[in-house]
file coords-v8.pdb (PDB, C-alpha atoms)
ATOM      1  CA  MET A   1     180.436 135.108 121.002
ATOM      2  CA  SER A   2     178.997 136.720 124.085
ATOM      3  CA  ALA A   3     181.429 138.400 126.483
ATOM      4  CA  ASP A   4     180.306 136.165 129.352
ATOM      5  CA  ASP A   5     180.635 132.872 127.423
ATOM      6  CA  PRO A   6     184.008 131.962 129.021
ATOM      7  CA  ALA A   7     182.487 132.452 132.497
ATOM      8  CA  LEU A   8     179.461 130.456 131.379
ATOM      9  CA  GLY A   9     181.672 127.630 130.118
ATOM     10  CA  THR A  10     183.468 127.513 133.463
ATOM     11  CA  ALA A  11     180.158 127.536 135.356
ATOM     12  CA  VAL A  12     178.868 124.653 133.203
ATOM     13  CA  VAL A  13     181.905 122.489 134.017
ATOM     14  CA  ARG A  14     181.635 123.265 137.725
ATOM     15  CA  ALA A  15     177.860 122.656 137.718
ATOM     16  CA  GLN A  16     178.420 119.298 136.031
ATOM     17  CA  ASP A  17     180.658 118.442 138.995
ATOM     18  CA  GLY A  18     177.766 119.194 141.367
ATOM     19  CA  ASP A  19     178.589 122.793 142.326
ATOM     20  CA  GLU A  20     175.211 124.367 143.154
ATOM     21  CA  ALA A  21     176.620 127.898 143.153
ATOM     22  CA  ALA A  22     177.926 127.306 139.628
ATOM     23  CA  PHE A  23     174.469 126.115 138.518
ATOM     24  CA  SER A  24     172.983 129.301 139.988
ATOM     25  CA  ALA A  25     175.563 131.334 138.065
ATOM     26  CA  LEU A  26     174.803 129.653 134.744
ATOM     27  CA  TYR A  27     171.090 130.100 135.386
ATOM     28  CA  ARG A  28     171.616 133.837 136.004
ATOM     29  CA  LEU A  29     173.681 134.123 132.822
ATOM     30  CA  VAL A  30     171.270 132.249 130.532
ATOM     31  CA  HIS A  31     167.760 132.489 131.945
ATOM     32  CA  PRO A  32     166.911 136.153 131.184
ATOM     33  CA  GLY A  33     167.619 135.765 127.471
ATOM     34  CA  LEU A  34     165.942 132.368 127.324
ATOM     35  CA  LEU A  35     162.830 133.778 128.985
ATOM     36  CA  GLY A  36     162.828 136.737 126.574
ATOM     37  CA  TYR A  37     163.029 134.279 123.678
ATOM     38  CA  LEU A  38     160.152 132.199 125.045
ATOM     39  CA  ARG A  39     158.007 135.261 125.700
ATOM     40  CA  GLY A  40     158.566 136.295 122.111
ATOM     41  CA  ILE A  41     157.588 132.954 120.616
ATOM     42  CA  VAL A  42     154.825 131.699 122.913
ATOM     43  CA  GLY A  43     153.745 134.710 124.936
ATOM     44  CA  GLU A  44     151.581 133.715 127.844
ATOM     45  CA  GLY A  45     152.924 130.719 129.699
ATOM     46  CA  ALA A  46     156.580 131.438 128.876
ATOM     47  CA  GLU A  47     157.553 131.153 132.550
ATOM     48  CA  ASP A  48     156.022 127.660 132.812
ATOM     49  CA  ILE A  49     157.766 126.557 129.626
ATOM     50  CA  ALA A  50     161.056 127.978 130.906
ATOM     51  CA  ALA A  51     160.617 126.056 134.168
ATOM     52  CA  ALA A  52     160.000 122.807 132.259
ATOM     53  CA  ALA A  53     163.022 123.488 130.062
ATOM     54  CA  TRP A  54     165.224 124.151 133.110
ATOM     55  CA  ARG A  55     164.109 120.883 134.714
ATOM     56  CA  GLU A  56     165.265 119.062 131.584
ATOM     57  CA  ILE A  57     168.472 121.121 131.415
ATOM     58  CA  ALA A  58     169.310 120.241 135.039
ATOM     59  CA  ARG A  59     168.553 116.563 134.453
ATOM     60  CA  GLU A  60     170.598 116.341 131.230
ATOM     61  CA  LEU A  61     173.451 118.669 132.247
ATOM     62  CA  PRO A  62     175.906 115.835 133.009
ATOM     63  CA  ARG A  63     175.618 114.706 129.358
ATOM     64  CA  PHE A  64     176.241 118.157 127.835
ATOM     65  CA  ARG A  65     179.559 118.655 126.048
ATOM     66  CA  GLY A  66     180.622 122.061 124.794
ATOM     67  CA  ASP A  67     181.528 125.639 125.631
ATOM     68  CA  GLY A  68     179.451 128.621 126.795
ATOM     69  CA  GLN A  69     178.039 129.357 123.330
ATOM     70  CA  GLY A  70     177.226 125.676 122.891
ATOM     71  CA  PHE A  71     175.425 125.701 126.228
ATOM     72  CA  ARG A  72     173.335 128.690 125.174
ATOM     73  CA  GLY A  73     172.405 126.880 121.958
ATOM     74  CA  TRP A  74     171.649 123.638 123.770
ATOM     75  CA  THR A  75     169.351 125.389 126.258
ATOM     76  CA  ALA A  76     167.627 127.304 123.437
ATOM     77  CA  SER A  77     167.019 124.029 121.569
ATOM     78  CA  ILE A  78     165.454 122.495 124.666
ATOM     79  CA  ALA A  79     163.314 125.585 125.285
ATOM     80  CA  ARG A  80     162.267 125.688 121.619
ATOM     81  CA  ARG A  81     161.156 122.048 121.736
ATOM     82  CA  HIS A  82     159.101 122.698 124.887
ATOM     83  CA  ALA A  83     157.589 125.842 123.325
ATOM     84  CA  ARG A  84     156.588 124.032 120.144
ATOM     85  CA  GLY A  85     155.011 121.241 122.207
ATOM     86  CA  ASP A  86     153.075 123.792 124.237
ATOM     87  CA  LEU A  87     151.801 125.485 121.082
ATOM     88  CA  ARG A  88     150.664 122.136 119.681
ATOM     89  CA  ARG A  89     148.838 121.322 122.937
ATOM     90  CA  ARG A  90     147.087 124.705 122.749
ATOM     91  CA  GLY A  91     146.079 123.973 119.179
ATOM     92  CA  ALA A  92     148.230 126.785 117.809
ATOM     93  CA  SER A  93     150.457 126.208 114.860
ATOM     94  CA  PRO A  94     154.183 126.416 115.638
ATOM     95  CA  GLY A  95     154.197 128.648 112.572
ATOM     96  CA  SER A  96     152.243 131.226 114.571
ATOM     97  CA  LEU A  97     154.851 131.654 117.279
ATOM     98  CA  GLY A  98     154.295 134.833 119.238
ATOM     99  CA  SER A  99     150.987 135.793 117.649
ATOM    100  CA  SER A 100     148.995 135.501 120.881
ATOM    101  CA  TRP A 101     151.437 137.277 123.171
ATOM    102  CA  THR A 102     150.122 139.872 125.567
ATOM    103  CA  PRO A 103     152.479 141.777 127.860
ATOM    104  CA  PRO A 104     152.464 140.948 131.562
ATOM    105  CA  ALA A 105     150.801 143.655 133.639
ATOM    106  CA  GLU A 106     153.570 143.739 136.254
ATOM    107  CA  ASP A 107     156.390 144.520 133.792
ATOM    108  CA  HIS A 108     156.867 148.282 133.798
ATOM    109  CA  THR A 109     160.644 148.488 133.426
ATOM    110  CA  ALA A 110     161.455 151.260 130.987
ATOM    111  CA  HIS A 111     164.539 151.104 128.778
ATOM    112  CA  SER A 112     166.159 153.931 126.871
ATOM    113  CA  LEU A 113     166.831 153.334 123.203
ATOM    114  CA  PRO A 114     168.055 155.764 120.585
ATOM    115  CA  GLY A 115     165.156 158.155 120.170
ATOM    116  CA  ALA A 116     162.766 156.269 122.443
ATOM    117  CA  THR A 117     162.075 154.866 125.875
ATOM    118  CA  LEU A 118     160.895 151.314 125.507
ATOM    119  CA  SER A 119     159.473 149.007 128.142
ATOM    120  CA  ALA A 120     160.116 145.279 128.056
ATOM    121  CA  GLU A 121     156.457 144.634 127.255
ATOM    122  CA  THR A 122     156.573 147.090 124.344
ATOM    123  CA  ALA A 123     159.669 145.399 122.936
ATOM    124  CA  GLN A 124     157.980 142.010 123.204
ATOM    125  CA  ALA A 125     154.793 143.328 121.604
ATOM    126  CA  LEU A 126     156.816 144.757 118.712
ATOM    127  CA  VAL A 127     158.649 141.476 118.191
ATOM    128  CA  ALA A 128     155.291 139.672 118.203
ATOM    129  CA  ARG A 129     154.299 141.803 115.181
ATOM    130  CA  LEU A 130     157.200 140.455 113.122
ATOM    131  CA  PRO A 131     156.885 137.431 110.856
ATOM    132  CA  ARG A 132     157.535 134.319 112.972
ATOM    133  CA  ALA A 133     160.856 133.365 111.396
ATOM    134  CA  GLN A 134     162.217 136.916 111.657
ATOM    135  CA  ALA A 135     161.129 137.181 115.285
ATOM    136  CA  GLU A 136     162.692 133.849 116.190
ATOM    137  CA  ALA A 137     165.986 134.613 114.425
ATOM    138  CA  LEU A 138     166.163 138.038 116.058
ATOM    139  CA  LEU A 139     165.382 136.644 119.506
ATOM    140  CA  LEU A 140     167.934 133.848 119.204
ATOM    141  CA  ARG A 141     170.643 136.212 117.991
ATOM    142  CA  HIS A 142     169.981 139.106 120.374
ATOM    143  CA  ALA A 143     167.991 137.910 123.398
ATOM    144  CA  VAL A 144     169.629 134.499 123.803
ATOM    145  CA  ARG A 145     172.860 135.935 122.302
ATOM    146  CA  LEU A 146     173.649 133.033 120.018
ATOM    147  CA  ASP A 147     176.180 133.351 117.259
ATOM    148  CA  GLU A 148     174.928 132.828 113.737
ATOM    149  CA  PRO A 149     175.961 129.152 113.344
ATOM    150  CA  THR A 150     174.394 128.202 116.675
ATOM    151  CA  ALA A 151     171.149 130.073 115.926
ATOM    152  CA  ALA A 152     171.020 128.295 112.560
ATOM    153  CA  ARG A 153     171.381 124.897 114.269
ATOM    154  CA  VAL A 154     168.627 125.724 116.769
ATOM    155  CA  MET A 155     166.277 126.845 113.978
ATOM    156  CA  GLY A 156     167.292 124.039 111.623
ATOM    157  CA  ARG A 157     168.038 126.548 108.862
ATOM    158  CA  PRO A 158     171.129 127.529 106.868
ATOM    159  CA  ARG A 159     173.307 130.274 108.359
ATOM    160  CA  ALA A 160     172.677 132.618 105.446
ATOM    161  CA  VAL A 161     168.924 132.319 105.949
ATOM    162  CA  VAL A 162     169.216 133.072 109.675
ATOM    163  CA  ARG A 163     171.444 136.086 108.892
ATOM    164  CA  ILE A 164     168.861 137.453 106.452
ATOM    165  CA  LEU A 165     165.947 136.772 108.815
ATOM    166  CA  ALA A 166     167.679 138.536 111.725
ATOM    167  CA  ARG A 167     168.567 141.548 109.546
ATOM    168  CA  ARG A 168     165.048 141.801 108.186
ATOM    169  CA  GLY A 169     163.658 141.510 111.717
ATOM    170  CA  ALA A 170     165.939 144.309 112.922
ATOM    171  CA  LYS A 171     164.924 146.504 109.969
ATOM    172  CA  SER A 172     161.257 145.782 110.632
ATOM    173  CA  LEU A 173     161.689 146.752 114.297
ATOM    174  CA  ALA A 174     163.489 149.932 113.298
ATOM    175  CA  HIS A 175     160.635 150.727 110.940
ATOM    176  CA  LEU A 176     158.056 150.101 113.672
ATOM    177  CA  LEU A 177     159.963 152.278 116.154
ATOM    178  CA  GLY A 178     161.212 154.958 113.820
ATOM    179  CA  PRO A 179     164.896 155.221 114.886
ATOM    180  CA  ASP A 180     167.522 153.993 112.450
ATOM    181  CA  ASP A 181     169.561 151.701 114.704
ATOM    182  CA  VAL A 182     167.638 150.053 117.529
ATOM    183  CA  THR A 183     168.893 146.479 117.318
ATOM    184  CA  HIS A 184     171.239 146.528 120.313
ATOM    185  CA  GLY A 185     168.845 148.465 122.542
ATOM    186  CA  VAL A 186     165.958 146.153 121.725
ATOM    187  CA  ALA A 187     168.242 143.172 122.251
ATOM    188  CA  ARG A 188     169.168 144.415 125.724
ATOM    189  CA  THR A 189     165.489 144.990 126.487
ATOM    190  CA  LEU A 190     164.473 141.516 125.326
ATOM    191  CA  GLY A 191     167.218 139.814 127.307
ATOM    192  CA  GLU A 192     166.921 141.682 130.565
ATOM    193  CA  PRO A 193     165.197 140.146 133.562
ATOM    194  CA  THR A 194     161.844 141.640 134.434
TER     195      THR A 194
END
call {"tool": "encode", "arguments": {"input": "coords-v8.pdb", "output": "structure tokens"}}
result
Amino acid sequence: MSADDPALGTAVVRAQDGDEAAFSALYRLVHPGLLGYLRGIVGEGAEDIAAAAWREIARELPRFRGDGQGFRGWTASIARRHARGDLRRRGASPGSLGSSWTPPAEDHTAHSLPGATLSAETAQALVARLPRAQAEALLLRHAVRLDEPTAARVMGRPRAVVRILARRGAKSLAHLLGPDDVTHGVARTLGEPT
């Protein structure tokens, strides 16, 4: 559970009652991680897919039932569906998520990680080198900040499989970067706004 999930749950309830400030708050809490996830799985065009997902989220918000973690999972499911549709329209296989990603030229934010300084575009490029399932599990767990059961529901896979995929993805990233424990630093990088 993410530390801001209780605040997110409260913002969801208030936004469902028509509070625009609450909708802005839930957007600020969820959007950076959701955008990081989309950048990792579709690359170019992630902002457009995020915008389409947020239009659907806003439209369907009155029907949502759940807490902050459930809201994160629900938004990730919507974004994932839009991303897969976009990949199909482009003629790319949803199995090749992230393979065509190129970093945006304007993103030069550097982040310090154990043993390295890593920009957001470098983190995304490294994630794009992972096998698709590992990248998606890692992004859902650390960029979107879903718990294991929620990430498993979004991916349509058993919890144990998602746990293994996320661990393998973290080990692969550590191998690519060199430091032993980079998971949390990379997660912060992937989920931060650009």
call {"tool": "atom_distance", "arguments": {"input": "coords-v8.pdb", "atom1": "atom CA of Ala52 of chain A", "atom2": "atom CA of Gly36 of chain A"}}
result
15.3 Å
call {"tool": "residues_around", "arguments": {"input": "coords-v8.pdb", "residues": "Leu140 of chain A", "least_positions_apart": "6", "cutoff": "10 Å", "atoms": "all atoms listed in the file", "output": "PyMOL selection string"}}
result
chain A and resi 33-34+36-38+72-73+76+134+146-148+150-152+154-155+162+166+187
call {"tool": "residues_around", "arguments": {"input": "coords-v8.pdb", "residues": "segment 15-28 of chain A", "least_positions_apart": "4", "cutoff": "9 Å", "atoms": "all atoms listed in the file", "output": "ChimeraX atom specification"}}
result
/A:7-11,32,54,58,61-64
call {"tool": "write_last_selection", "arguments": {"input": "coords-v8.pdb", "atoms": "C-alpha atoms", "output": "mmCIF file, in the frame of the given file"}}
result
data_model
loop_
_atom_site.group_PDB
_atom_site.id
_atom_site.type_symbol
_atom_site.label_atom_id
_atom_site.label_comp_id
_atom_site.auth_asym_id
_atom_site.auth_seq_id
_atom_site.Cartn_x
_atom_site.Cartn_y
_atom_site.Cartn_z
ATOM 1 C CA ALA A 7 182.487 132.452 132.497
ATOM 2 C CA LEU A 8 179.461 130.456 131.379
ATOM 3 C CA GLY A 9 181.672 127.630 130.118
ATOM 4 C CA THR A 10 183.468 127.513 133.463
ATOM 5 C CA ALA A 11 180.158 127.536 135.356
ATOM 6 C CA PRO A 32 166.911 136.153 131.184
ATOM 7 C CA TRP A 54 165.224 124.151 133.110
ATOM 8 C CA ALA A 58 169.310 120.241 135.039
ATOM 9 C CA LEU A 61 173.451 118.669 132.247
ATOM 10 C CA PRO A 62 175.906 115.835 133.009
ATOM 11 C CA ARG A 63 175.618 114.706 129.358
ATOM 12 C CA PHE A 64 176.241 118.157 127.835
#
call {"tool": "atom_distance", "arguments": {"input": "coords-v8.pdb", "atom1": "atom CA of Phe71 of chain A", "atom2": "atom CA of Asp4 of chain A"}}
result
12.0 Å
call {"tool": "resolve_selection", "arguments": {"input": "coords-v8.pdb", "expression": "the PyMOL selection byres ((chain A and resi 78-94) around 10)", "output": "PyMOL selection string"}}
result
chain A and resi 34-35+37-39+41-43+45-46+48-54+56-57+73-77+95-100+132+136+154-155
call {"tool": "atom_distance", "arguments": {"input": "coords-v8.pdb", "atom1": "atom CA of Pro158 of chain A", "atom2": "atom CA of Leu139 of chain A"}}
result
16.6 Å
